[in-house]
>>> print(open('input.txt').read())   # compact mmCIF, C-alpha atoms
# COMPACT_ATOMS: atom_id res chain seq x y z
CA MET K 25 13.89 -42.67 -91.25
CA VAL K 26 10.69 -40.91 -92.32
CA TYR K 27 9.73 -40.16 -88.70
CA ALA K 28 13.20 -38.85 -87.89
CA ARG K 29 13.20 -36.51 -90.87
CA ALA K 30 9.67 -35.35 -90.15
CA SER K 31 10.69 -34.59 -86.56
CA ALA K 32 13.69 -32.63 -87.84
CA VAL K 33 11.38 -30.49 -89.97
CA VAL K 34 9.02 -29.90 -87.02
CA TYR K 35 11.93 -29.00 -84.71
CA LEU K 36 13.17 -26.59 -87.38
CA LEU K 37 9.71 -24.99 -87.54
CA TRP K 38 9.76 -24.76 -83.74
CA GLY K 39 13.14 -23.04 -83.95
CA LEU K 40 11.98 -20.53 -86.56
CA LEU K 41 8.88 -19.71 -84.52
CA HIS K 42 11.07 -19.08 -81.50
CA VAL K 43 13.49 -16.85 -83.42
CA LYS K 44 10.43 -14.72 -84.15
CA ALA K 45 9.39 -14.91 -80.48
CA ALA K 46 12.87 -13.85 -79.36
CA TYR K 47 12.63 -10.82 -81.64
CA ALA K 48 9.21 -9.96 -80.14
CA VAL K 49 10.60 -10.21 -76.59
CA TYR K 50 13.53 -7.98 -77.63
CA GLY K 51 11.02 -5.50 -79.09
CA LEU K 52 9.16 -5.46 -75.80
CA GLY K 53 12.42 -4.74 -74.00
CA VAL K 54 13.24 -1.85 -76.33
CA SER K 55 9.91 -0.23 -75.42
CA LEU K 56 10.93 0.02 -71.74
CA ASP K 57 13.14 2.49 -69.94
CA PRO K 58 16.67 1.22 -69.29
CA GLY K 59 16.82 -0.75 -66.07
CA MET K 60 16.64 -4.21 -64.58
CA VAL K 61 13.34 -5.19 -66.25
CA GLN K 62 14.64 -4.17 -69.67
CA GLY K 63 17.90 -6.01 -69.06
CA ARG K 64 16.06 -9.17 -68.01
CA LEU K 65 13.87 -9.01 -71.11
CA PHE K 66 16.97 -8.64 -73.29
CA GLN K 67 18.51 -11.61 -71.48
CA GLY K 68 15.33 -13.64 -72.02
CA ALA K 69 15.29 -12.74 -75.71
CA PHE K 70 18.94 -13.75 -76.03
CA ASN K 71 18.32 -17.07 -74.26
CA LEU K 72 15.26 -17.80 -76.38
CA LEU K 73 17.22 -17.01 -79.54
CA PHE K 74 20.01 -19.35 -78.41
CA PHE K 75 17.57 -22.22 -77.72
CA ALA K 76 15.85 -21.65 -81.08
CA VAL K 77 19.11 -21.70 -83.04
CA PHE K 78 20.44 -24.65 -81.01
CA ALA K 79 17.30 -26.74 -81.61
CA SER K 80 17.34 -25.86 -85.32
CA VAL K 81 20.99 -26.83 -85.77
CA ILE K 82 20.49 -30.10 -83.88
CA ALA K 83 17.41 -30.83 -85.99
CA VAL K 84 19.24 -30.37 -89.28
CA TRP K 85 22.52 -31.93 -88.16
CA LEU K 86 21.46 -34.84 -85.93
CA ASN K 87 17.69 -35.42 -85.83
CA TRP K 88 17.61 -35.69 -89.63
CA LYS K 89 19.95 -38.70 -89.30
CA ASN K 90 17.92 -40.22 -86.44
CA SER K 91 20.73 -39.66 -83.94
CA ARG K 92 20.11 -40.76 -80.35
CA ILE K 93 22.21 -37.88 -78.96
CA GLY K 94 20.31 -35.43 -81.20
CA TYR K 95 17.07 -36.89 -79.89
CA TRP K 96 18.03 -36.21 -76.26
CA LEU K 97 19.56 -32.78 -76.94
CA ASN K 98 16.37 -31.50 -78.56
CA VAL K 99 13.93 -33.29 -76.25
CA VAL K 100 15.57 -31.71 -73.20
CA THR K 101 16.22 -28.25 -74.68
CA VAL K 102 12.82 -27.78 -76.30
CA SER K 103 10.94 -29.36 -73.38
CA VAL K 104 12.56 -27.07 -70.80
CA THR K 105 11.92 -24.04 -73.00
CA ASP K 106 8.25 -24.81 -73.64
CA ILE K 107 7.42 -25.99 -70.12
CA GLY K 108 8.60 -22.62 -68.80
CA PHE K 109 6.53 -20.84 -71.45
CA ILE K 110 3.43 -22.85 -70.58
CA LEU K 111 3.82 -22.30 -66.82
CA PHE K 112 4.74 -18.63 -66.83
CA VAL K 113 3.01 -17.22 -69.93
CA LEU K 114 0.14 -19.44 -71.11
CA VAL K 115 -1.30 -20.63 -67.77
CA PRO K 116 -1.52 -17.11 -66.28
CA GLY K 117 -3.18 -15.96 -69.52
CA TYR K 118 -0.59 -13.40 -70.62
CA LEU K 119 -0.92 -14.73 -74.17
CA PRO K 120 -4.15 -16.08 -75.66
CA PRO K 121 -4.30 -19.86 -76.22
CA PHE K 122 -4.10 -19.21 -79.94
CA PRO K 123 -1.46 -18.46 -81.11
CA GLY K 124 0.22 -19.43 -77.82
CA VAL K 125 -0.37 -23.15 -78.27
CA ILE K 126 1.48 -23.33 -81.61
CA GLY K 127 4.95 -23.70 -80.05
CA PRO K 128 3.93 -26.37 -77.53
CA ALA K 129 2.01 -28.24 -80.25
CA LEU K 130 5.13 -28.29 -82.44
CA TRP K 131 7.16 -29.47 -79.41
CA VAL K 132 4.82 -32.39 -78.68
CA LEU K 133 4.62 -33.37 -82.36
CA ALA K 134 8.42 -33.28 -82.71
CA VAL K 135 8.92 -35.41 -79.59
CA VAL K 136 6.36 -37.97 -80.78
CA LEU K 137 7.87 -38.16 -84.28
CA SER K 138 11.46 -38.37 -83.05
CA THR K 139 10.51 -41.05 -80.51
CA LEU K 140 8.83 -43.07 -83.26
CA GLY K 141 11.91 -42.55 -85.42
CA LEU K 142 14.26 -43.88 -82.73
CA ARG K 143 12.00 -46.83 -81.90
CA ARG K 144 11.55 -47.81 -85.54
CA GLY K 145 15.23 -47.23 -86.27
CA SER K 146 16.39 -49.41 -83.40
CA GLN K 147 13.94 -52.16 -84.37
CA SER K 148 15.25 -52.24 -87.93
CA LYS K 149 18.85 -52.60 -86.65
CA LYS K 150 18.08 -55.69 -84.57
CA GLU K 151 19.12 -59.08 -85.87
CA PRO K 152 16.24 -61.10 -87.29
CA THR K 153 15.17 -63.98 -85.09
CA ALA K 154 14.96 -67.50 -86.46
>>> encode(input="input.txt", output="structure tokens")
Amino acid sequence: MVYARASAVVYLLWGLLHVKAAYAVYGLGVSLDPGMVQGRLFQGAFNLLFFAVFASVIAVWLNWKNSRIGYWLNVVTVSVTDIGFILFVLVPGYLPPFPGVIGPALWVLAVVLSTLGLRRGSQSKKEPTA
């Protein structure tokens, strides 16, 4: 249960970081003239905010209890979010590696901890062998 709860805390930190990132993307959009680019930035900020809040709620509600469905919901949601960030923002160099690597590092740590939590949790539920 320790790994599951630790992963929930890390996912929550990931979510809070991405709420801040969503606000920064929104701020970038506000600085532009109205048009398609501004609209797409606002949409991106909205989507990022949704993923951040979703991952945070799942972390507190399900990952904390070592839920298998919570595991998959956050692994998929956070992985898709951060893979896109890595491919389209970090790799081209639009953001320096630090602080850019903080989100992906939290993602990897949360996945490792939640995987350990599920593996240890399922092992403890097995019947002892004679």
>>> closest_residue(input="input.txt", among="K:Pro123, K:Leu40, K:Leu142, K:Ala30", to="Ile93 (chain K)", atoms="all atoms listed in the file")
K:Leu142
>>> closest_residue(input="input.txt", among="K:Val100, K:Ala69, K:Ser138, K:Tyr95", to="Val54 (chain K)", atoms="only C-alpha atoms")
K:Ala69
>>> closest_residue(input="input.txt", among="K:Phe78, K:Trp85, K:Phe112, K:Tyr35", to="Trp131 (chain K)", atoms="only C-alpha atoms")
K:Tyr35
>>> closest_residue(input="input.txt", among="K:Pro121, K:Gly141, K:Gly39, K:Gly108", to="Ser91 (chain K)", atoms="all atoms listed in the file")
K:Gly141
>>> closest_residue(input="input.txt", among="K:Ala48, K:Leu41, K:Val34, K:Val26", to="Ala134 (chain K)", atoms="all atoms listed in the file")
K:Val34
>>> closest_residue(input="input.txt", among="K:Val115, K:Val81, K:Ile126, K:Asn90", to="Tyr27 (chain K)", atoms="all atoms listed in the file")
K:Asn90
>>> atom_distance(input="input.txt", atom1="CA of Leu111 (chain K)", atom2="CA of Phe74 (chain K)")
20.1 Å
>>> atom_distance(input="input.txt", atom1="CA of Pro58 (chain K)", atom2="CA of Phe70 (chain K)")
16.6 Å
>>> build_atoms(input="input.txt", residues="region 85-103 of chain K", atoms="N, CA and C atoms", output="mmCIF file, in the coordinates of the input")
data_model
loop_
_atom_site.group_PDB
_atom_site.id
_atom_site.type_symbol
_atom_site.label_atom_id
_atom_site.label_comp_id
_atom_site.auth_asym_id
_atom_site.auth_seq_id
_atom_site.Cartn_x
_atom_site.Cartn_y
_atom_site.Cartn_z
ATOM 1 N N TRP K 85 21.261 -31.185 -88.233
ATOM 2 C CA TRP K 85 22.520 -31.930 -88.160
ATOM 3 C C TRP K 85 22.325 -33.357 -87.647
ATOM 4 N N LEU K 86 21.544 -33.532 -86.577
ATOM 5 C CA LEU K 86 21.460 -34.840 -85.930
ATOM 6 C C LEU K 86 20.089 -35.517 -86.028
ATOM 7 N N ASN K 87 19.003 -34.779 -85.788
ATOM 8 C CA ASN K 87 17.690 -35.420 -85.830
ATOM 9 C C ASN K 87 17.374 -35.943 -87.230
ATOM 10 N N TRP K 88 17.825 -35.258 -88.247
ATOM 11 C CA TRP K 88 17.610 -35.690 -89.630
ATOM 12 C C TRP K 88 18.179 -37.087 -89.864
ATOM 13 N N LYS K 89 19.287 -37.401 -89.170
ATOM 14 C CA LYS K 89 19.950 -38.700 -89.300
ATOM 15 C C LYS K 89 19.497 -39.701 -88.242
ATOM 16 N N ASN K 90 18.465 -39.349 -87.476
ATOM 17 C CA ASN K 90 17.920 -40.220 -86.440
ATOM 18 C C ASN K 90 18.952 -40.531 -85.349
ATOM 19 N N SER K 91 19.696 -39.519 -84.955
ATOM 20 C CA SER K 91 20.730 -39.660 -83.940
ATOM 21 C C SER K 91 20.127 -39.699 -82.534
ATOM 22 N N ARG K 92 20.584 -40.653 -81.738
ATOM 23 C CA ARG K 92 20.110 -40.760 -80.350
ATOM 24 C C ARG K 92 20.539 -39.531 -79.533
ATOM 25 N N ILE K 93 21.763 -39.061 -79.707
ATOM 26 C CA ILE K 93 22.210 -37.880 -78.960
ATOM 27 C C ILE K 93 21.421 -36.639 -79.406
ATOM 28 N N GLY K 94 21.141 -36.523 -80.705
ATOM 29 C CA GLY K 94 20.310 -35.430 -81.200
ATOM 30 C C GLY K 94 18.908 -35.476 -80.618
ATOM 31 N N TYR K 95 18.389 -36.699 -80.503
ATOM 32 C CA TYR K 95 17.070 -36.890 -79.890
ATOM 33 C C TYR K 95 17.054 -36.273 -78.491
ATOM 34 N N TRP K 96 18.015 -36.678 -77.651
ATOM 35 C CA TRP K 96 18.030 -36.210 -76.260
ATOM 36 C C TRP K 96 18.341 -34.724 -76.154
ATOM 37 N N LEU K 97 19.245 -34.219 -76.989
ATOM 38 C CA LEU K 97 19.560 -32.780 -76.940
ATOM 39 C C LEU K 97 18.317 -31.945 -77.208
ATOM 40 N N ASN K 98 17.553 -32.311 -78.242
ATOM 41 C CA ASN K 98 16.370 -31.500 -78.560
ATOM 42 C C ASN K 98 15.203 -31.788 -77.629
ATOM 43 N N VAL K 99 15.024 -33.023 -77.198
ATOM 44 C CA VAL K 99 13.930 -33.290 -76.250
ATOM 45 C C VAL K 99 14.127 -32.456 -74.993
ATOM 46 N N VAL K 100 15.327 -32.454 -74.447
ATOM 47 C CA VAL K 100 15.570 -31.710 -73.200
ATOM 48 C C VAL K 100 15.488 -30.206 -73.431
ATOM 49 N N THR K 101 16.176 -29.696 -74.438
ATOM 50 C CA THR K 101 16.220 -28.250 -74.680
ATOM 51 C C THR K 101 14.833 -27.685 -74.973
ATOM 52 N N VAL K 102 14.122 -28.302 -75.896
ATOM 53 C CA VAL K 102 12.820 -27.780 -76.300
ATOM 54 C C VAL K 102 11.787 -27.987 -75.185
ATOM 55 N N SER K 103 11.873 -29.106 -74.480
ATOM 56 C CA SER K 103 10.940 -29.360 -73.380
ATOM 57 C C SER K 103 11.095 -28.313 -72.273
#
